[in-house]
Structure formats: structure tokens, C-alpha cells
file run.txt (compact mmCIF, C-alpha atoms)
# COMPACT_ATOMS: atom_id res chain seq x y z
CA MET Y 20 -6.80 -47.43 55.26
CA THR Y 21 -5.75 -50.61 53.51
CA ASP Y 22 -8.42 -52.59 51.70
CA HIS Y 23 -8.00 -56.20 52.80
CA GLY Y 24 -10.58 -57.51 50.39
CA SER Y 25 -13.65 -56.44 48.54
CA GLY Y 26 -17.21 -57.47 49.20
CA ALA Y 27 -19.51 -59.08 46.68
CA PRO Y 28 -20.17 -56.66 43.83
CA GLY Y 29 -23.09 -54.27 43.95
CA ALA Y 30 -26.33 -54.32 45.87
CA LEU Y 31 -26.88 -58.01 45.08
CA GLY Y 32 -24.01 -59.04 47.33
CA ARG Y 33 -25.20 -56.77 50.13
CA ARG Y 34 -28.72 -58.24 49.99
CA LEU Y 35 -27.63 -61.87 49.93
CA ALA Y 36 -24.78 -61.68 52.43
CA PRO Y 37 -25.14 -59.89 55.78
CA ALA Y 38 -22.23 -58.52 57.77
CA ALA Y 39 -20.50 -61.25 59.75
CA HIS Y 40 -20.71 -61.27 63.54
CA ARG Y 41 -20.31 -63.86 66.26
CA SER Y 42 -23.76 -65.42 65.85
CA ASN Y 43 -23.78 -65.84 62.04
CA ALA Y 44 -20.10 -66.44 61.26
CA LEU Y 45 -19.65 -69.17 58.68
CA HIS Y 46 -18.50 -72.54 59.99
CA PRO Y 47 -14.79 -73.03 59.08
CA GLY Y 48 -15.46 -76.60 57.99
CA ALA Y 49 -17.66 -75.28 55.17
CA TRP Y 50 -14.71 -73.36 53.72
CA TRP Y 51 -12.52 -76.46 53.79
CA ILE Y 52 -15.18 -78.62 52.13
CA TRP Y 53 -15.61 -75.95 49.43
CA ALA Y 54 -11.86 -75.71 48.82
CA LEU Y 55 -11.35 -79.48 48.79
CA GLY Y 56 -14.20 -79.73 46.27
CA LEU Y 57 -12.38 -77.30 43.99
CA GLY Y 58 -9.14 -79.23 44.53
CA THR Y 59 -10.86 -82.50 43.63
CA ALA Y 60 -12.15 -80.90 40.44
CA ALA Y 61 -8.63 -79.70 39.62
CA SER Y 62 -7.26 -83.21 40.08
CA ARG Y 63 -9.66 -84.61 37.46
CA THR Y 64 -8.33 -82.53 34.56
CA THR Y 65 -5.10 -81.34 32.98
CA ASN Y 66 -6.81 -78.69 30.85
CA PRO Y 67 -5.01 -75.43 31.74
CA LEU Y 68 -8.08 -73.37 30.82
CA LEU Y 69 -10.30 -75.24 33.30
CA ILE Y 70 -7.65 -75.18 36.03
CA GLY Y 71 -7.11 -71.48 35.41
CA LEU Y 72 -10.86 -70.98 35.79
CA LEU Y 73 -10.79 -72.90 39.08
CA ILE Y 74 -7.90 -70.75 40.32
CA GLY Y 75 -9.80 -67.63 39.27
CA VAL Y 76 -12.90 -68.78 41.16
CA ALA Y 77 -10.86 -69.47 44.30
CA GLY Y 78 -9.07 -66.15 44.05
CA TYR Y 79 -12.30 -64.20 43.57
CA VAL Y 80 -13.92 -65.80 46.63
CA VAL Y 81 -10.80 -65.16 48.71
CA ALA Y 82 -10.73 -61.50 47.63
CA ALA Y 83 -14.43 -61.13 48.46
CA ARG Y 84 -14.58 -62.91 51.81
CA ARG Y 85 -11.22 -62.93 53.57
CA SER Y 86 -10.60 -60.81 56.65
CA SER Y 87 -7.51 -58.88 57.73
CA ALA Y 88 -6.31 -61.54 60.17
CA PRO Y 89 -2.68 -62.69 59.81
CA TRP Y 90 -3.63 -66.15 58.57
CA ALA Y 91 -5.82 -64.56 55.85
CA LYS Y 92 -2.75 -63.04 54.18
CA SER Y 93 -1.16 -66.37 53.32
CA TYR Y 94 -3.03 -66.83 50.03
CA GLY Y 95 -0.36 -64.97 48.07
CA ALA Y 96 2.31 -67.27 49.47
CA PHE Y 97 0.40 -70.32 48.17
CA VAL Y 98 0.12 -68.70 44.74
CA LYS Y 99 3.88 -68.12 44.67
CA LEU Y 100 4.43 -71.70 45.84
CA GLY Y 101 2.27 -72.91 42.96
CA LEU Y 102 4.40 -70.97 40.48
CA ILE Y 103 7.53 -72.48 42.01
CA VAL Y 104 6.04 -75.97 41.62
CA ILE Y 105 5.40 -75.31 37.92
CA GLY Y 106 8.98 -74.13 37.48
CA ILE Y 107 10.40 -77.18 39.27
CA ARG Y 108 8.27 -79.51 37.16
CA LEU Y 109 9.55 -77.90 33.97
CA VAL Y 110 13.16 -78.11 35.16
CA PHE Y 111 12.75 -81.80 35.92
CA ALA Y 112 11.29 -82.37 32.45
CA ILE Y 113 14.25 -80.59 30.85
CA VAL Y 114 17.01 -82.20 32.90
CA LEU Y 115 15.60 -85.69 33.48
CA GLY Y 116 13.58 -86.03 30.31
CA SER Y 117 9.93 -86.92 29.81
CA PRO Y 118 8.19 -90.25 29.12
CA ILE Y 119 6.13 -88.55 26.43
CA PRO Y 120 7.48 -89.25 22.93
CA GLY Y 121 7.89 -86.16 20.81
CA THR Y 122 9.06 -85.13 17.38
CA HIS Y 123 9.43 -81.36 17.87
CA VAL Y 124 12.93 -81.13 19.34
CA LEU Y 125 13.60 -77.75 20.95
CA VAL Y 126 17.15 -78.34 22.16
CA THR Y 127 19.52 -81.24 22.72
CA LEU Y 128 21.43 -81.16 25.99
CA PRO Y 129 24.64 -83.08 26.68
CA GLU Y 130 23.63 -86.50 28.03
CA VAL Y 131 25.35 -87.88 31.11
CA PRO Y 132 26.25 -91.59 30.81
CA LEU Y 133 24.69 -93.68 33.60
CA PRO Y 134 25.47 -97.25 34.80
CA ASP Y 135 23.43 -100.27 33.72
CA TRP Y 136 21.40 -100.39 36.94
CA ALA Y 137 19.97 -96.94 36.09
CA LYS Y 138 18.33 -98.01 32.85
CA GLY Y 139 15.23 -96.00 32.07
CA VAL Y 140 16.69 -92.89 33.71
CA ARG Y 141 18.58 -90.27 31.76
CA ILE Y 142 20.11 -86.89 32.47
CA GLY Y 143 20.18 -84.54 29.53
CA GLY Y 144 19.38 -85.46 25.94
CA ARG Y 145 16.57 -84.25 23.72
CA VAL Y 146 14.04 -81.74 25.02
CA THR Y 147 10.83 -81.86 23.00
CA ALA Y 148 7.89 -79.50 22.90
CA GLU Y 149 5.51 -82.38 23.67
CA GLY Y 150 7.40 -83.32 26.82
CA LEU Y 151 7.55 -79.72 28.03
CA LEU Y 152 3.85 -79.22 27.38
CA PHE Y 153 2.97 -82.39 29.30
CA ALA Y 154 5.13 -81.20 32.23
CA LEU Y 155 3.50 -77.77 32.11
CA TYR Y 156 0.00 -79.27 32.27
CA ASP Y 157 1.01 -81.50 35.19
CA GLY Y 158 2.62 -78.59 37.04
CA ILE Y 159 -0.46 -76.40 36.56
CA ARG Y 160 -2.63 -79.15 38.05
CA LEU Y 161 -0.39 -79.41 41.13
CA ALA Y 162 -0.37 -75.62 41.44
CA GLY Y 163 -4.17 -75.59 41.28
CA LEU Y 164 -4.38 -78.07 44.16
CA LEU Y 165 -2.01 -75.96 46.28
CA ILE Y 166 -3.91 -72.75 45.56
CA CYS Y 167 -7.23 -74.36 46.51
CA VAL Y 168 -5.74 -75.42 49.86
CA GLY Y 169 -4.37 -71.89 50.25
CA ALA Y 170 -7.86 -70.50 49.71
CA ALA Y 171 -9.20 -72.59 52.61
CA ASN Y 172 -6.27 -71.50 54.78
CA ALA Y 173 -7.00 -67.84 54.01
CA LEU Y 174 -10.75 -68.06 54.65
CA ALA Y 175 -11.15 -70.46 57.60
CA SER Y 176 -9.95 -69.37 61.02
CA PRO Y 177 -7.56 -72.04 62.40
CA ALA Y 178 -8.66 -71.34 65.98
CA ARG Y 179 -12.35 -71.76 65.14
CA LEU Y 180 -11.56 -74.87 63.12
CA LEU Y 181 -9.78 -76.35 66.14
CA LYS Y 182 -12.80 -75.57 68.31
CA SER Y 183 -15.06 -77.43 65.89
CA LEU Y 184 -12.99 -80.64 65.81
CA PRO Y 185 -14.31 -83.76 67.57
CA GLY Y 186 -12.86 -84.44 70.99
CA ALA Y 187 -10.97 -87.50 69.70
CA LEU Y 188 -8.96 -85.31 67.30
CA TYR Y 189 -8.31 -82.44 69.68
CA GLU Y 190 -4.61 -83.15 70.30
CA ALA Y 191 -3.88 -83.78 66.63
CA GLY Y 192 -5.90 -80.71 65.72
CA VAL Y 193 -3.83 -78.50 67.99
CA ALA Y 194 -0.65 -79.65 66.24
CA VAL Y 195 -2.16 -79.03 62.80
CA VAL Y 196 -3.47 -75.57 63.75
CA VAL Y 197 -0.13 -74.54 65.22
CA ALA Y 198 1.57 -75.70 62.01
CA MET Y 199 -0.93 -73.83 59.80
CA THR Y 200 -0.59 -70.57 61.74
CA PHE Y 201 3.21 -70.68 61.80
CA ALA Y 202 3.70 -69.66 58.15
CA PRO Y 203 1.20 -66.72 58.14
CA ASN Y 204 2.67 -65.35 61.38
CA LEU Y 205 6.16 -65.77 59.97
CA ILE Y 206 5.21 -63.84 56.82
CA THR Y 207 3.63 -61.08 58.93
CA ASP Y 208 6.76 -60.78 61.10
CA VAL Y 209 9.03 -60.54 58.06
CA GLN Y 210 6.85 -57.84 56.49
CA ARG Y 211 6.73 -55.86 59.74
CA LEU Y 212 10.50 -56.03 60.29
CA ARG Y 213 11.29 -55.12 56.68
CA ALA Y 214 8.99 -52.10 56.91
CA ALA Y 215 10.69 -51.04 60.15
CA ARG Y 216 14.13 -51.32 58.52
CA ARG Y 217 13.01 -49.23 55.56
CA LEU Y 218 11.72 -46.52 57.89
CA ARG Y 219 15.14 -46.44 59.56
CA GLY Y 220 16.92 -46.20 56.21
CA ARG Y 221 18.48 -49.66 56.49
CA PRO Y 222 18.63 -52.26 53.69
CA ASP Y 223 15.79 -54.79 53.71
CA SER Y 224 16.80 -56.93 50.73
CA GLY Y 225 19.73 -59.08 49.78
CA ILE Y 226 21.69 -61.53 51.91
CA ARG Y 227 22.62 -58.93 54.51
CA GLY Y 228 19.07 -57.71 54.98
CA LEU Y 229 17.78 -61.28 55.18
CA LEU Y 230 20.30 -62.24 57.86
CA GLN Y 231 19.52 -59.17 59.97
CA VAL Y 232 15.77 -59.81 59.74
CA GLY Y 233 16.09 -63.55 60.45
CA LEU Y 234 17.21 -63.25 64.08
CA PRO Y 235 14.27 -61.08 65.27
CA VAL Y 236 11.87 -63.38 63.40
CA LEU Y 237 13.35 -66.43 65.16
CA GLU Y 238 13.12 -64.66 68.51
CA GLY Y 239 9.46 -63.83 67.94
CA ALA Y 240 8.71 -67.44 66.97
CA LEU Y 241 10.34 -68.72 70.18
CA GLU Y 242 8.38 -66.22 72.29
CA ARG Y 243 5.11 -67.34 70.70
CA SER Y 244 6.04 -70.99 71.32
CA VAL Y 245 6.69 -70.35 75.02
CA ALA Y 246 3.45 -68.38 75.37
CA LEU Y 247 1.49 -71.12 73.58
CA ALA Y 248 2.98 -73.82 75.83
CA ALA Y 249 2.06 -71.83 78.95
CA ALA Y 250 -1.49 -71.25 77.70
CA MET Y 251 -1.95 -74.94 76.86
CA ASP Y 252 -0.69 -76.01 80.27
CA ALA Y 253 -2.95 -73.50 82.04
CA ARG Y 254 -5.97 -74.86 80.17
CA GLY Y 255 -5.20 -78.47 81.07
CA PHE Y 256 -4.21 -79.63 77.61
CA GLY Y 257 -3.67 -83.40 77.41
CA ARG Y 258 -5.94 -84.38 80.29
CA SER Y 259 -8.35 -87.19 79.51
CA ALA Y 260 -11.09 -89.21 81.18
CA ALA Y 261 -10.94 -92.94 81.84
CA VAL Y 262 -12.89 -95.13 79.39
CA PRO Y 263 -13.46 -98.92 79.35
CA VAL Y 264 -11.04 -101.14 77.43
CA ALA Y 265 -13.78 -102.41 75.10
CA VAL Y 266 -14.67 -98.84 74.09
CA ARG Y 267 -11.01 -98.04 73.37
CA ARG Y 268 -10.63 -101.11 71.17
CA ALA Y 269 -13.86 -100.45 69.28
CA THR Y 270 -12.75 -96.85 68.77
CA ALA Y 271 -9.39 -97.94 67.34
CA VAL Y 272 -10.97 -100.48 64.98
CA LEU Y 273 -13.65 -98.13 63.69
CA THR Y 274 -11.29 -95.18 63.30
CA LEU Y 275 -8.48 -97.07 61.54
CA GLY Y 276 -10.87 -99.05 59.37
CA GLY Y 277 -12.83 -95.94 58.49
CA LEU Y 278 -9.72 -93.96 57.58
CA MET Y 279 -8.50 -96.80 55.37
CA GLY Y 280 -11.89 -96.86 53.66
CA VAL Y 281 -11.74 -93.09 53.15
CA CYS Y 282 -8.27 -93.38 51.60
CA VAL Y 283 -9.31 -96.22 49.27
CA GLY Y 284 -12.54 -94.49 48.31
CA THR Y 285 -10.79 -91.18 47.67
CA TYR Y 286 -8.20 -92.91 45.52
CA GLY Y 287 -10.98 -94.56 43.56
CA LEU Y 288 -12.69 -91.22 42.95
CA LEU Y 289 -9.45 -89.60 41.83
CA THR Y 290 -8.70 -92.32 39.27
CA ALA Y 291 -10.69 -93.14 36.19
CA GLN Y 292 -10.67 -96.91 36.88
CA GLY Y 293 -12.00 -96.72 40.44
CA ALA Y 294 -15.06 -94.53 39.90
CA ALA Y 295 -17.41 -97.53 40.34
CA TYR Y 296 -16.24 -98.59 43.81
CA GLY Y 297 -14.88 -95.24 45.04
CA LEU Y 298 -18.12 -93.66 46.25
CA PRO Y 299 -19.53 -96.68 48.20
CA VAL Y 300 -16.19 -97.37 49.89
CA LEU Y 301 -15.79 -93.68 50.74
CA ALA Y 302 -19.29 -93.53 52.26
CA ALA Y 303 -18.70 -96.68 54.34
CA GLY Y 304 -15.32 -95.38 55.50
CA LEU Y 305 -16.80 -92.04 56.52
CA LEU Y 306 -19.55 -93.72 58.55
CA ALA Y 307 -17.04 -95.97 60.33
CA ALA Y 308 -14.66 -93.08 61.00
CA LEU Y 309 -17.45 -90.89 62.36
CA GLY Y 310 -18.52 -93.71 64.67
CA GLY Y 311 -14.95 -94.12 65.91
CA LEU Y 312 -14.58 -90.37 66.48
CA ARG Y 313 -17.87 -90.34 68.35
CA LEU Y 314 -16.67 -93.06 70.71
CA GLY Y 315 -13.21 -91.52 70.98
CA GLY Y 316 -14.70 -88.22 72.11
CA ARG Y 317 -15.63 -89.81 75.46
CA ARG Y 318 -12.05 -89.45 76.68
CA ALA Y 319 -12.03 -85.69 76.14
CA VAL Y 320 -12.82 -83.59 79.21
CA ARG Y 321 -12.99 -80.20 77.51
CA THR Y 322 -16.05 -78.08 76.80
CA ARG Y 323 -16.84 -75.71 73.92
CA TYR Y 324 -17.67 -72.06 74.46
CA ARG Y 325 -20.15 -70.76 71.89
CA PRO Y 326 -19.70 -73.54 69.32
CA ASP Y 327 -20.03 -72.61 65.66
CA ARG Y 328 -23.35 -73.56 64.12
CA TRP Y 329 -23.72 -75.22 60.74
CA GLY Y 330 -26.46 -73.14 59.18
CA ALA Y 331 -28.03 -72.73 55.77
CA ARG Y 332 -25.17 -70.56 54.47
CA ALA Y 333 -22.61 -73.20 55.51
CA TRP Y 334 -24.63 -75.81 53.62
CA ALA Y 335 -24.68 -73.54 50.56
CA VAL Y 336 -20.90 -72.95 50.66
CA ALA Y 337 -20.04 -76.60 51.24
CA GLY Y 338 -22.63 -77.75 48.71
CA SER Y 339 -21.15 -75.53 46.00
CA GLY Y 340 -17.75 -77.17 46.42
CA ILE Y 341 -19.28 -80.65 46.45
CA ALA Y 342 -21.29 -79.80 43.32
CA VAL Y 343 -18.16 -78.65 41.46
CA ALA Y 344 -16.31 -81.83 42.41
CA GLY Y 345 -19.25 -84.11 41.60
CA LEU Y 346 -19.93 -82.56 38.21
CA MET Y 347 -16.25 -82.70 37.26
CA ILE Y 348 -16.07 -86.37 38.29
CA LEU Y 349 -19.20 -87.00 36.22
CA ALA Y 350 -17.62 -85.25 33.23
CA SER Y 351 -14.45 -87.34 33.50
CA SER Y 352 -16.44 -90.56 33.85
CA TYR Y 353 -18.34 -89.72 30.66
CA GLY Y 354 -15.02 -89.24 28.90
CA VAL Y 355 -15.16 -85.56 27.98
CA ALA Y 356 -12.08 -85.36 25.79
CA ALA Y 357 -11.34 -81.70 26.53
CA LEU Y 358 -10.58 -82.52 30.19
CA GLN Y 359 -7.34 -84.22 29.15
CA PRO Y 360 -5.96 -82.27 26.17
CA GLY Y 361 -3.51 -84.28 24.10
CA VAL Y 362 0.12 -83.39 23.59
CA VAL Y 363 0.90 -85.95 20.87
CA PRO Y 364 0.18 -84.50 18.40
CA LEU Y 365 0.35 -80.92 19.64
CA VAL Y 366 -3.15 -79.45 19.88
CA ALA Y 367 -4.45 -76.31 21.53
CA PRO Y 368 -6.65 -76.96 24.59
CA THR Y 369 -10.31 -76.03 24.33
CA LEU Y 370 -12.70 -74.99 27.09
CA PRO Y 371 -15.56 -77.50 27.52
CA LEU Y 372 -18.76 -75.58 28.15
CA TRP Y 373 -20.67 -77.56 30.76
CA PRO Y 374 -17.63 -78.42 32.93
CA ALA Y 375 -16.73 -74.72 32.83
CA ALA Y 376 -20.28 -73.85 33.89
CA ALA Y 377 -19.96 -76.38 36.73
CA VAL Y 378 -16.77 -74.67 37.92
CA LEU Y 379 -18.61 -71.34 38.11
CA ILE Y 380 -20.89 -72.83 40.80
CA GLY Y 381 -17.89 -72.39 43.08
CA LEU Y 382 -18.48 -68.62 43.01
CA LEU Y 383 -21.57 -69.01 45.22
CA PRO Y 384 -19.69 -68.34 48.52
CA ALA Y 385 -18.74 -64.88 47.25
CA PHE Y 386 -22.43 -63.96 47.35
CA VAL Y 387 -23.93 -65.93 50.27
CA ALA Y 388 -21.13 -66.10 52.88
CA PRO Y 389 -21.29 -63.35 55.53
CA VAL Y 390 -19.02 -60.39 54.81
CA PRO Y 391 -16.23 -59.96 57.41
CA ALA Y 392 -16.53 -56.67 59.23
CA ASP Y 393 -13.00 -55.60 58.30
CA SER Y 394 -13.12 -56.66 54.63
CA SER Y 395 -15.23 -53.81 53.25
CA PRO Y 396 -13.41 -50.87 51.73
CA THR Y 397 -13.33 -47.87 54.00
CA VAL Y 398 -14.11 -44.42 52.60
CA PRO Y 399 -12.17 -41.68 54.42
CA LYS Y 400 -14.27 -38.92 55.92
CA GLU Y 401 -13.78 -35.34 54.84
CA THR Y 402 -12.22 -33.03 57.39
CA SER Y 403 -12.87 -29.37 57.53
call {"tool": "encode", "arguments": {"input": "run.txt", "output": "C-alpha cells"}}
result
Amino acid sequence: MTDHGSGAPGALGRRLAPAAHRSNALHPGAWWIWALGLGTAASRTTNPLLIGLLIGVAGYVVAARRSSAPWAKSYGAFVKLGLIVIGIRLVFAIVLGSPIPGTHVLVTLPEVPLPDWAKGVRIGGRVTAEGLLFALYDGIRLAGLLICVGAANALASPARLLKSLPGALYEAGVAVVVAMTFAPNLITDVQRLRAARRLRGRPDSGIRGLLQVGLPVLEGALERSVALAAAMDARGFGRSAAVPVAVRRATAVLTLGGLMGVCVGTYGLLTAQGAAYGLPVLAAGLLAALGGLRLGGRRAVRTRYRPDRWGARAWAVAGSGIAVAGLMILASSYGVAALQPGVVPLVAPTLPLWPAAAVLIGLLPAFVAPVPADSSPTVPKETS
């Protein structure tokens, strides 16, 4: 049988993490908080060694705790997307130039003359090692953010995440979950159809193979859409209860004001200048948004069957991500020089010790999160 992931290594992982079942399954929100914590840490540095360590931590946890569900197989697609982002960033730096001054000229491309209104923009010209290195660092940071989001998408069940959303966000949550499950299901359909074509001795690569696979994939997507629409209509999707006008207005004010506060506070935390006001504004925005969502939930008429519980293991998983983000923000606020390696002059990046140790806290979910029942390697039995 195919091994869809490996459990935590050795007897230590088996002692700390029980087998997952319906009553102890980890809350999907904990996975998203953990992944967003790693992504926040990646946004605070351009050091490729630290970002590579973050990607390694995310990949190890995904390999240890993902199941064999279709949405759990999308992690590889996010890794490939991250590599594409790095390539695009390098191409832009070569073709459009870089704002970083450099003295090590690698190649000089023919420069396209532009009109006066396009001053400050150039196409072609000198390509320096400093500019390429700066673009590479920036692309690796963007790739790290994408891979962290891909880790959450591979570990957290979209259906269970939808069930855990507040009633005020139910409609928006359905749209987001449908969008998140579209790509994994599409990848699964393409893999299944390509395997079927290989078994029949037909080509599965190239333009011809892609065109002949595309039509069945589109047909399957349309069938799933029709089935989803019928299921949503049968379950009364979109029905709501009547609420007073004053409650609706208070809900709108609290929700919009809270979301604006969250955006401003998050921006402050992600920038070096806004670290002082970022945390208080973020906390106030979260409180206001939670109050608005609490009031907005009165219009929802749905019930939850066996809601997921936020237990000690969920706190441990979410807390590890928050700890990684907090320690990395603390390191950047103290001005650890290795977090932003210089490119002028060219210097080799170094791995700062205590930020690297902080990143390793993100490995905690690989040891405390329950092991999915279908993620353990299966040993075939001997037959006589």
C-alpha cells in the first residue's frame, strides 16, 4: 500500500500522540494558527537559511501528520508554486532591473528606449549579482509564505473548518472552502485520468495528452458543482432568522471596525516601524471583530453536529506557531542583523542561533498532534 505520510519517529511519537479518531481529532483552526505563525516568521526575515529551516519544519510536520484525503495531497502543488514564484521574481529582476545598486555586472542586456513618462522604469540593461541576490532572497520569502499556507491546507480539513466557523461567516466560509477544495480535487482527477490513460497505452503527456485529459476533468468539476448545489439547497443554505435593526447596525460597525483594526495591527507587526502600535491595535480589532461575529451569529439558523473541541493538543499546536512568530518578531525588533543579510557588499548569510532555535519550536505538532489513522505505514502480511 502507499505510504501517505509517516508518523512521529520512534516510540516517543507513539507515546505523545495517540491515534486520531472522532473524539480527539485536532481542531482545524489550530493548524491554521500554527501555519500562519510560521508564515509571519517567514515575513520577518530574508535570510534564506532561516526561511529554508521554516520550510523544512512545515514539510516535516506535513509528512508526519497529513492524511490520505484529496485535499492533503495539495502540499506538493504549493511547493511547486513557490519555486515558480522564485523563478518569476528572478526573471523580473533580469528584465526590468533591480533598485539595488551593484558593481558585479554579470551580463548587459540590450536596453529598450522608453518615453519620458516612464522615467524610473527600464527594460534590459545591466544585470548585477547584487540585484539578482536581492531578488532571490525576496522570492524565497514569498515562496516560504506560500508553502506555510499550503501546509495548513494539507493538514486542516476544509469541511471541519467550515463547521467550526461562526454563524456570521457561514456563507463566506462555504465559498472559501469550495475554492480551497477545488484545486486538490482537480489535481486528483488529473492524476487518476493520466494513470488510466497509461494503463490503456495512450499518451498522457504533451499538448495532445493534456487536451484529451482536460475534457473529462471539466466534466467531473461540473458534476461536483451540480451535486454541491443540490446538497446546499436540500440543507437550506442561505436561510436566516430575523434580527432587530439595532443589532444589525451594531454588528456591521463592530465587524468592519474590528477587521480594519486587525489589518492595521497586522501591518504594524509585519513592519519594523509599527511594532509599537501593532499589537495593541491588533488586540482591540480582534475583540471588536469577535463581538461583531457573536452578534452576527444570531441570524444563522443552522446547528452543529458533533462540534470540534479545542483541547490541550490544539492549544499546544497553535501555541507553537504563535511562539515562533512572537520570537521572530522579537528578534527583528532587537535588530538581529542576520535576519536581513546584506547584498551590498556581497556577504554570505549566516544562521542566527536563537532565532533558529525558535523556529524549531514549530516541530511540536509532529509529536503532540493525533496521528491520522491512514497515515501510518502499513506492513504487508506474509501469505503462505
call {"tool": "closest_residue", "arguments": {"input": "run.txt", "among": "Y:Gly220, Y:Pro67, Y:Pro120, Y:Pro132", "to": "Y:Leu161", "atoms": "only C-alpha atoms"}}
result
Y:Pro67
call {"tool": "residues_around", "arguments": {"input": "run.txt", "residues": "Y:Ala356", "least_positions_apart": "2", "cutoff": "12 Å", "atoms": "all atoms listed in the file", "output": "list in words"}}
result
Arg63, Thr64, Thr65, Asn66, Ala350, Ser351, Ser352, Tyr353, Gly354, Leu358, Gln359, Pro360, Gly361, Pro368, Thr369, Leu370, Pro371 and Pro374 of chain Y
call {"tool": "atom_distance", "arguments": {"input": "run.txt", "atom1": "atom CA of Y:Pro263", "atom2": "atom CA of Y:Leu312"}}
result
15.5 Å
call {"tool": "residues_around", "arguments": {"input": "run.txt", "residues": "Y:Trp329", "least_positions_apart": "6", "cutoff": "10 Å", "atoms": "all atoms listed in the file", "output": "JSON, numbers by chain"}}
result
{"Y": [43, 44, 45, 46, 47, 48, 49]}
call {"tool": "residues_around", "arguments": {"input": "run.txt", "residues": "Y:Ala377", "least_positions_apart": "5", "cutoff": "12 Å", "atoms": "all atoms listed in the file", "output": "ChimeraX atom specification"}}
result
/Y:56-57,60,69,72-73,76,339-350,371-372,382-383
call {"tool": "atom_distance", "arguments": {"input": "run.txt", "atom1": "atom CA of Y:Leu278", "atom2": "atom CA of Y:Thr59"}}
result
18.1 Å
call {"tool": "closest_residue", "arguments": {"input": "run.txt", "among": "Y:Gly311, Y:Pro129, Y:Gly78, Y:Pro177", "to": "Y:Ala271", "atoms": "only C-alpha atoms"}}
result
Y:Gly311
call {"tool": "closest_residue", "arguments": {"input": "run.txt", "among": "Y:Ser86, Y:Val140, Y:Ala302, Y:Trp51", "to": "Y:Pro391", "atoms": "only C-alpha atoms"}}
result
Y:Ser86
call {"tool": "residues_around", "arguments": {"input": "run.txt", "residues": "Y:Val363", "least_positions_apart": "3", "cutoff": "10 Å", "atoms": "only C-alpha atoms", "output": "list in words"}}
result
Ile119, Pro120, Gly121, Thr122, Ala148, Glu149, Gly150, Leu152, Phe153, Pro360 and Val366 of chain Y
call {"tool": "write_last_selection", "arguments": {"input": "run.txt", "atoms": "C-alpha atoms", "output": "CSV table (one decimal), keeping the file's coordinate frame"}}
result
chain,number,residue,atom,x,y,z
Y,119,ILE,CA,6.1,-88.6,26.4
Y,120,PRO,CA,7.5,-89.2,22.9
Y,121,GLY,CA,7.9,-86.2,20.8
Y,122,THR,CA,9.1,-85.1,17.4
Y,148,ALA,CA,7.9,-79.5,22.9
Y,149,GLU,CA,5.5,-82.4,23.7
Y,150,GLY,CA,7.4,-83.3,26.8
Y,152,LEU,CA,3.8,-79.2,27.4
Y,153,PHE,CA,3.0,-82.4,29.3
Y,360,PRO,CA,-6.0,-82.3,26.2
Y,366,VAL,CA,-3.2,-79.4,19.9
call {"tool": "closest_residue", "arguments": {"input": "run.txt", "among": "Y:Ala367, Y:Val336, Y:Ala88, Y:Ala376", "to": "Y:Tyr156", "atoms": "all atoms listed in the file"}}
result
Y:Ala367
call {"tool": "residues_near_point", "arguments": {"input": "run.txt", "point": "(16.4, -86.4, 36.0)", "cutoff": "9 Å", "atoms": "all atoms listed in the file", "output": "PDB file with C-alpha atoms, keeping the file's coordinate frame"}}
result
ATOM      1  CA  VAL Y 110      13.160 -78.110  35.160  1.00  0.00           C
ATOM      2  CA  PHE Y 111      12.750 -81.800  35.920  1.00  0.00           C
ATOM      3  CA  ALA Y 112      11.290 -82.370  32.450  1.00  0.00           C
ATOM      4  CA  ILE Y 113      14.250 -80.590  30.850  1.00  0.00           C
ATOM      5  CA  VAL Y 114      17.010 -82.200  32.900  1.00  0.00           C
ATOM      6  CA  LEU Y 115      15.600 -85.690  33.480  1.00  0.00           C
ATOM      7  CA  GLY Y 116      13.580 -86.030  30.310  1.00  0.00           C
ATOM      8  CA  SER Y 117       9.930 -86.920  29.810  1.00  0.00           C
ATOM      9  CA  VAL Y 140      16.690 -92.890  33.710  1.00  0.00           C
ATOM     10  CA  ARG Y 141      18.580 -90.270  31.760  1.00  0.00           C
ATOM     11  CA  ILE Y 142      20.110 -86.890  32.470  1.00  0.00           C
ATOM     12  CA  GLY Y 143      20.180 -84.540  29.530  1.00  0.00           C
TER      13      GLY Y 143
END
call {"tool": "closest_residue", "arguments": {"input": "run.txt", "among": "Y:Leu247, Y:Ala171, Y:Leu365, Y:Val232", "to": "Y:Arg211", "atoms": "only C-alpha atoms"}}
result
Y:Val232
call {"tool": "atom_distance", "arguments": {"input": "run.txt", "atom1": "atom CA of Y:Ala54", "atom2": "atom CA of Y:Val378"}}
result
12.0 Å
call {"tool": "residues_around", "arguments": {"input": "run.txt", "residues": "Y:Val300", "least_positions_apart": "6", "cutoff": "8 Å", "atoms": "all atoms listed in the file", "output": "PyMOL selection string"}}
result
chain Y and resi 280-281+283-284
